[in-house]
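Colleague: The structure follows.
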Amino acid sequence: MTVDIPTRINPMIRHRAGHIGRAVPRREDRSSLMGRQRYIADLKLPGMLEVAFVRSPEAHARILGIDTEPARALSGVLAVFTGADLVDVESFPQKIPYIQPVGQRPLAEDRVRYVGSPYAAVVATDRYVAEDAATLVAAHTEFDPLPTVANLDQALTGDGARLYDDWPDNYLVNFPDDKPDVMKAFDEADHTFSDTYVSQRQTGLPLECRGVLAEEVDGRLTVWSSTQSPHIVRTTIAEMIGIPEPRVRVIAPAMGGGFGTKTHIYPEDVVVPWIARKLGRPVRWLEDRFENLVSAVHARDQRHDVNVAYDDDGTIRAIRCKAYCDVGSGEIFMPGTATVFVTGGVLTGAYDFQNMEVHHFCVVTNKTPSGAYRGFGTPEGMFVMERIIDRVARLTGTDRVAIRRRMMLREDQMPYHMHSGGRIDSGSHAKSFERAVELIGPSVERARAGYADDPDVRVGVGYTNYVEPTTPTYHLTTGHWGGYDSATLRVDPDGAVRVGLGTTALGQGTETTAAQLASDALGVDPDDVTVVMGDTDRAPYGLGAWGSRSAIVMSGSILMAADRVMTKARAIAAHMLEASPDDILLTDGRFHVAGSNTPTVTWSQVATAAWVRTVDLPRGLEPGLEMTGYFEPPGLEHLPGSDGKVNAAASWSNGAHAGVVSVRVSTGEIKIEDYVVVHDCGTMINPMIIDGQVHGGVAQGIAGAMYEHFQYDPETARPRFASFMEYLYPTCSEVPAMTVEHFETPSPDQPLGVKGCGEGGTIGPAAVVAGAVSDALGDLGVEIVATPVTPSSIRQAIREWSGSEGGS
Amino acid sequence: MKPAAFDYYRPTTIGDAIEALGSSEVSKVLAGGQSLIPSMNFRLSLPELLVDIRDVDGLDKLEADPEGVTIGASVTQSRVMAYEGAADIVPGLRSALRFVGHLQIRNRGTVCGSLAHADPAAELPALAIATGATIEIRGPAGVRTVGAGDFFLGPFWTDLGHGEIVTGVHFPAQPSGGVTVVDEIARRSGDFAIAGLAAVFEIRGGAVGAARPVSFGVSGVAGRMAAAEEAIRGFDPGNDGSDLYAAAYEDAADAVDDVHANAEYRREALGALLVRAARSAVGSNGDRTGV
């Protein structure tokens, strides 16, 4: 059965003023700011027990034995479970055909592959006792250490240490590429250069760590989980524990962010419900910050070995890129394999460039598994592309803005098919860049003038032009799910509307934007719209909130459901007004016959007829006024074609970032003097929320550019971090005030022309800061080739590059 | 991140506090708790008994006279920062304290607690050495005082014996013609320094007569810089700083590598900080009271 997908608000609805496009204040802010939101840490059930997980102190070891008796003997301890107790639980599913088998068990059984890997769970009356017992379990575990793999080099060329005995090597994914046109360009071009670009290991770092609370009553399991995808958690729990899916309810209560880390399904999501069933008591586990740093997914750990062919005039002829992602131990569901493909796929950003060869590799090491983080491979790609462009500009003496102008995508090229198959439907690529250049100009002059008297300080400017793939397929990430999402609209007897959504809220204002959409889609006041989500019992199946998808999937599914509601409502109103349904319009919340403003029928009268006074319904019409839309974004592809290309995103937002930095040569101290973002996510539902997304995204981008870095000891593969003493996020003192402007180039394909905006802010800063620092230190020959850019790394670069071939 | 079980005692007299501390082999003094409590949550510190000294009579003394500033063990960093009486007498206190954590940390953290904790990257131990502060200690054997130069023995290691409490510190007044500079480089505002310098300069006729620079955040303990003390004599506004830089670099031969900066960076940064400080000190003609 095919469906008609509405692309705009039902033309039978006439508003005095719509709510889409307005900076409607966030309805969830008051409770957030007043401490009235209820997070998992606020939820307590009668008789609830607390769980502490015992985590491996070893990076790579066999577990020879675990003596749980001393822990069990501790007063207040109810149970200790190890991997051997969970024999009745299935392994985590692995549904992507082309990756090596990992066979992840819910708890590590005979082998641990990273520090932080959970291998036992202690249940006690409170968390203090649980941690006392966890310490005892750890003290009575016998490990046989194995040779460790601490980084990419060791994984590829080390002494042969392997994480998985039955694999031939440490490649989880090995996708070489070979393009004859690229080879040819290297033969013909005037020059070539090679370089290696490195993005460091980070994590999404939500303010609220993870948490799971579960209880089983009368054979029905309820799980509260701080997850971005409650329905997917439900399906996975049911499958792994072996319970009929209707007997599992998953609730994602108020959440303090996720940033991709909470899209994954973790051992704790399965083990805590299993314990609740086993003990017949409610049990809860709250992730502490140490656990969050070592066991929530990491990301961005990529290296790119690049060859570039270019001509004297600054024309880039071809790029060959070996893209490596260090995915840690690989023991995570969904696997962390998709990001590097996104990096390769969008590496060319908002530039018209086709002659690419990208080899994709995912390599396992004895580190925390990696996975999703806001930007999902895009920041790493733009870092590589802008470094290449700046390098070619420097080598050929071409102006850095001019070389970009020559390469920018033009409006007459839309839709533009990228080298990877990405289909950029529309955008303001060149226009956004021009505006960013215009905005940053005075800031550069101001900074130069400000430091004119200090010869130790240099000023530089950096640029990036990115595209942001939004509403991607989940099939290439999970091997299972696709790309749709859902909305149920119900008009209650009083005429107020309840929206149930398959997506969920992480703090990004979804309640507010969903209410704006539904109020316009049904011609009601936003105050009359209630939004529920994050509960598998109260909302239809959906895939959750990730991949900058909520704007598109909410728009589509709400419009679909609204059209269905409207069709029925007009039939009811027509019956009341003794007219034909085709002649019924809805103007400012009242149904009437076209051409006549009276008499009118209200939503309340229509809904009362549907639910209560069914005697008023037209003969034969089914009672009720509730409709659901399952929206699959048009144009979204889930599998590559025979040429290996795939348009894996429903739409493509774009943006240009530019930033000015000052660098103190003697100490490497760096300051972002100004930062501008010109942003285009198509039709804006709520410009204030979009500004917030950009601000927060830039802050996380700056985190990657200058601060956050998970470092591991190369000898032992042990983390060199345990807390925020070592893992530095930027605070409000480090994030500069920024200028954000918008263009609105509507998507021609997606409902209302919306595109999605959750990740664009994170994409730019690494490229911009690296470009600006390299520019500032250009006369010293410095090329920044790795993030984070820190005082120590800047001094290192000055020592290494001064007097090298790059210097002039 | 929950601490192991411990006993908690909150005495009101110094005698009771000392007796309680001595009653357990594994006892710890709690004042602001800004370093101790996190380390207990990580179970890196496993005290059986915490003796909270915040209610102990007489430890909340904060006094300034022309000789200097005296700070009791329960006096918070915020209180010292806000104390106008100390600003002119020991200007280095404010210069150092503005780098100590954030407002919330300074509202609880104490000056004496920071000295007793002896973090090698902390500002206050370095300031204490640079200014020649005297630390007052009480224990089972009575009262004793130790010069800051002899108090800090290594990373998180001091002259303090078991059962002893730092009850106060006396910072001597900045000498006439003196300039105190506290400067540091940190990854973020409020972080521990990756290279830091506290120095008291004596300015004579527009040049440095003598100075006592002390590094922090560079090696395992805050310490005086012998080569720099030598090289800095006679430093004037016309000096290009290269000898001073080289001396500081030499003094930092035992600089440490960590996740925030490598040793070479710390050596270079200390050199740059010292040259910057010396220039600022001589540029000030000796009449500036802190930077």
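For the structure tokens, the naming scheme is as follows: chains receive sequential letters (A, B, ...) according to their order of presentation, residues are indexed from 1 within each chain, and ligands are indexed from 1 in presentation order.
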Only residues of chain B matter here; which ones have an atom within 6 Å of chain A, counting only C-alpha atoms? Give them as a VMD selection string.
Modeller: chain B and resid 2 261 265 269
Colleague: Please save C-alpha atoms of the selected residues as a compact mmCIF listing (two decimals), in the first residue's frame.
Modeller:
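Okay, this is what ended up in part_31.txt:
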```txt
# COMPACT_ATOMS: atom_id res chain seq x y z
CA LYS B 2 31.22 6.26 46.66
CA ALA B 261 51.61 19.04 28.45
CA TYR B 265 56.61 22.42 26.97
CA ALA B 269 56.66 27.85 29.33
```
Colleague: Within 10 Å of Asp57 (chain B), counting only C-alpha atoms, which residues show up once you throw out same-chain ones fewer than 3 positions away? Write them as a VMD selection string, please.
Modeller: chain B and resid 11 to 14 53 to 54 60 to 61 74
Colleague: Deliver the residues from the most recent selection as a file, using C-alpha atoms, as a PDB file, in the first residue's frame.
Modeller:
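So the final result, stored in selection.pdb, reads:
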```
ATOM      1  CA  PRO B  11      35.501  18.683  67.640  1.00  0.00           C
ATOM      2  CA  THR B  12      35.384  22.233  68.967  1.00  0.00           C
ATOM      3  CA  THR B  13      38.800  22.429  70.607  1.00  0.00           C
ATOM      4  CA  ILE B  14      42.210  21.956  69.089  1.00  0.00           C
ATOM      5  CA  ILE B  53      38.166  21.202  62.082  1.00  0.00           C
ATOM      6  CA  ARG B  54      35.703  23.818  60.897  1.00  0.00           C
ATOM      7  CA  ASP B  60      38.982  31.065  61.874  1.00  0.00           C
ATOM      8  CA  LYS B  61      41.445  33.895  62.555  1.00  0.00           C
ATOM      9  CA  SER B  74      39.397  27.095  58.707  1.00  0.00           C
TER      10      SER B  74
END
```
Colleague: Excluding same-chain residues fewer than 4 positions from Asp52 (chain B), what lies within 10 Å of it counting only C-alpha atoms, as a CSV table (one decimal) with N, CA and C atoms, in the first residue's frame?
Modeller:
```
chain,number,residue,atom,x,y,z
B,8,TYR,N,33.3,10.0,61.4
B,8,TYR,CA,33.4,11.4,61.3
B,8,TYR,C,33.3,12.1,62.6
B,9,TYR,N,34.2,13.0,62.9
B,9,TYR,CA,34.2,13.6,64.2
B,9,TYR,C,34.4,15.1,64.0
B,10,ARG,N,33.6,15.9,64.7
B,10,ARG,CA,33.7,17.4,64.5
B,10,ARG,C,33.9,18.1,65.9
B,11,PRO,N,35.2,18.1,66.3
B,11,PRO,CA,35.5,18.7,67.6
B,11,PRO,C,35.4,20.2,67.6
B,12,THR,N,35.4,20.8,68.9
B,12,THR,CA,35.4,22.2,69.0
B,12,THR,C,36.7,22.8,69.6
B,17,ALA,N,40.8,17.8,68.8
B,17,ALA,CA,41.1,17.5,67.3
B,17,ALA,C,42.3,16.7,67.2
B,28,LYS,N,42.4,11.6,58.9
B,28,LYS,CA,42.6,12.7,58.0
B,28,LYS,C,41.9,14.0,58.6
B,29,VAL,N,42.5,15.1,58.4
B,29,VAL,CA,41.9,16.4,58.7
B,29,VAL,C,41.0,16.8,57.5
B,30,LEU,N,39.7,17.2,57.9
B,30,LEU,CA,38.8,17.7,56.8
B,30,LEU,C,38.6,19.2,57.1
B,31,ALA,N,38.9,20.0,56.1
B,31,ALA,CA,38.5,21.5,56.3
B,31,ALA,C,37.6,21.8,55.1
B,32,GLY,N,38.1,22.2,54.0
B,32,GLY,CA,37.2,22.5,52.9
B,32,GLY,C,36.8,21.3,52.1
B,33,GLY,N,37.7,20.3,52.1
B,33,GLY,CA,37.3,19.0,51.4
B,33,GLY,C,37.4,19.0,49.9
B,56,VAL,N,36.5,24.2,65.2
B,56,VAL,CA,37.5,24.3,66.2
B,56,VAL,C,37.7,25.8,66.6
B,74,SER,N,40.7,27.3,59.3
B,74,SER,CA,39.4,27.1,58.7
B,74,SER,C,39.0,28.3,57.8
```
Colleague: Could you pull the residues within 6 Å of region 197-206 of chain B, counting only C-alpha atoms, minus those fewer than 4 positions along the same chain, as a CSV table (one decimal) with N, CA and C atoms, in the first residue's frame?
Modeller:
```csv
chain,number,residue,atom,x,y,z
B,126,ALA,N,53.5,27.5,46.3
B,126,ALA,CA,54.5,28.3,45.6
B,126,ALA,C,54.6,29.7,46.2
B,127,LEU,N,53.4,30.3,46.4
B,127,LEU,CA,53.4,31.7,46.9
B,127,LEU,C,54.0,31.7,48.3
B,130,ALA,N,57.7,31.6,47.9
B,130,ALA,CA,58.2,32.8,47.3
B,130,ALA,C,58.2,34.0,48.3
B,177,GLY,N,59.5,48.4,48.0
B,177,GLY,CA,60.2,48.2,46.7
B,177,GLY,C,60.0,46.8,46.1
B,178,GLY,N,59.2,46.0,46.7
B,178,GLY,CA,58.9,44.7,46.2
B,178,GLY,C,57.8,44.6,45.2
B,179,VAL,N,57.8,43.7,44.4
B,179,VAL,CA,56.7,43.4,43.4
B,179,VAL,C,56.5,41.9,43.5
B,180,THR,N,55.2,41.5,43.7
B,180,THR,CA,54.9,40.1,43.7
B,180,THR,C,54.1,39.8,42.4
B,181,VAL,N,54.6,38.7,41.7
B,181,VAL,CA,53.9,38.3,40.5
B,181,VAL,C,53.5,36.9,40.6
B,182,VAL,N,52.2,36.6,40.4
B,182,VAL,CA,51.8,35.2,40.3
B,182,VAL,C,51.2,35.0,38.9
B,183,ASP,N,51.7,34.1,38.1
B,183,ASP,CA,51.2,33.9,36.8
B,183,ASP,C,51.2,32.4,36.4
B,210,ALA,N,67.1,41.7,43.5
B,210,ALA,CA,67.1,40.3,43.8
B,210,ALA,C,65.7,39.8,43.6
B,211,ALA,N,65.5,38.5,43.5
B,211,ALA,CA,64.2,37.9,43.3
B,211,ALA,C,64.1,36.5,43.8
B,212,ARG,N,62.9,36.1,44.3
B,212,ARG,CA,62.8,34.7,44.6
B,212,ARG,C,61.6,34.1,43.8
B,213,PRO,N,62.0,33.6,42.6
B,213,PRO,CA,60.9,33.0,41.8
B,213,PRO,C,60.7,31.5,42.2
B,214,VAL,N,59.5,31.1,42.2
B,214,VAL,CA,59.2,29.7,42.6
B,214,VAL,C,58.3,29.1,41.5
B,215,SER,N,58.6,27.9,41.0
B,215,SER,CA,57.8,27.3,40.0
B,215,SER,C,56.8,26.4,40.6
B,282,VAL,N,59.9,45.1,36.3
B,282,VAL,CA,60.7,46.2,36.2
B,282,VAL,C,60.0,47.4,35.5
B,285,ASN,N,58.4,49.9,37.9
B,285,ASN,CA,59.2,50.8,38.8
B,285,ASN,C,59.1,50.5,40.3
B,286,GLY,N,58.7,49.3,40.6
B,286,GLY,CA,58.7,48.9,42.0
B,286,GLY,C,57.5,49.4,42.8
```
Colleague: So that I can see what lies close to Pro253 (chain A), please list as a PyMOL selection string the residues with an atom at most 12 Å from it, counting only C-alpha atoms and leaving out residues fewer than 4 positions away in the same chain.
Modeller: chain A and resi 37-43+208+210-213+223-230+257+504-507+532-536
Colleague: Would you mind writing down, as JSON, numbers by chain, each residue of region 52-272 of chain B that DSSP on the backbone assigns to strand (DSSP E)?
Modeller: {"B": [52, 62, 63, 64, 65, 68, 69, 70, 71, 72, 134, 135, 136, 137, 138, 139, 142, 143, 144, 145, 146, 147, 152, 153, 154, 157, 158, 165, 166, 167, 168, 169, 170, 171, 172, 178, 179, 180, 181, 182, 183, 184, 185, 186, 193, 194, 195, 196, 197, 198, 199, 200, 201, 202, 203, 204, 207, 208, 209, 210, 211, 212, 213, 214, 215, 216, 223, 224]}
Colleague: Could those selected residues go to a file with C-alpha atoms, as a compact mmCIF listing (two decimals), in the first residue's frame?
Modeller:
```txt
# COMPACT_ATOMS: atom_id res chain seq x y z
CA ASP B 52 36.41 18.10 60.71
CA LEU B 62 42.23 36.21 59.63
CA GLU B 63 44.41 39.17 60.62
CA ALA B 64 46.66 41.66 58.91
CA ASP B 65 49.20 44.04 60.43
CA GLY B 68 52.04 40.43 57.42
CA VAL B 69 48.86 38.41 57.16
CA THR B 70 47.93 35.50 59.42
CA ILE B 71 45.38 32.98 58.20
CA GLY B 72 43.80 30.30 60.39
CA THR B 134 55.76 30.42 58.05
CA ILE B 135 53.45 27.51 58.74
CA GLU B 136 52.14 26.86 62.24
CA ILE B 137 51.63 23.24 63.18
CA ARG B 138 50.07 21.74 66.29
CA GLY B 139 50.35 18.14 67.32
CA GLY B 142 52.76 20.97 71.05
CA VAL B 143 53.20 23.89 68.66
CA ARG B 144 55.96 24.29 66.09
CA THR B 145 56.55 26.50 63.08
CA VAL B 146 58.19 25.57 59.82
CA GLY B 147 59.32 27.84 57.01
CA PHE B 152 57.02 20.93 51.01
CA LEU B 153 58.91 17.70 50.46
CA GLY B 154 57.38 16.19 47.34
CA TRP B 157 54.10 15.17 50.78
CA THR B 158 54.96 17.65 53.53
CA ILE B 165 47.41 19.80 62.03
CA VAL B 166 48.34 22.90 60.07
CA THR B 167 46.64 25.47 62.28
CA GLY B 168 47.71 28.62 60.51
CA VAL B 169 50.03 30.33 58.11
CA HIS B 170 51.75 33.70 58.32
CA PHE B 171 52.61 35.48 55.08
CA PRO B 172 55.15 38.26 55.67
CA GLY B 178 58.93 44.69 46.21
CA VAL B 179 56.71 43.37 43.44
CA THR B 180 54.90 40.08 43.67
CA VAL B 181 53.87 38.32 40.49
CA VAL B 182 51.78 35.16 40.29
CA ASP B 183 51.18 33.93 36.76
CA GLU B 184 50.35 30.61 35.22
CA ILE B 185 49.29 28.79 32.12
CA ALA B 186 46.39 26.40 32.56
CA ALA B 193 48.65 25.06 36.16
CA ILE B 194 50.59 23.25 33.46
CA ALA B 195 53.29 25.81 34.22
CA GLY B 196 53.18 28.44 36.92
CA LEU B 197 55.36 30.99 38.62
CA ALA B 198 55.14 32.88 41.88
CA ALA B 199 57.89 35.44 42.40
CA VAL B 200 58.74 38.28 44.73
CA PHE B 201 60.99 40.84 43.06
CA GLU B 202 63.04 43.48 44.82
CA ILE B 203 63.35 46.44 42.45
CA ARG B 204 66.28 48.83 42.83
CA ALA B 207 66.23 46.92 37.71
CA VAL B 208 65.82 43.70 39.62
CA GLY B 209 68.01 43.75 42.70
CA ALA B 210 67.11 40.26 43.77
CA ALA B 211 64.15 37.95 43.34
CA ARG B 212 62.78 34.71 44.61
CA PRO B 213 60.94 32.95 41.77
CA VAL B 214 59.18 29.69 42.57
CA SER B 215 57.80 27.33 39.95
CA PHE B 216 54.67 25.24 40.31
CA GLY B 223 60.42 24.89 44.37
CA ARG B 224 62.86 27.76 44.16
```
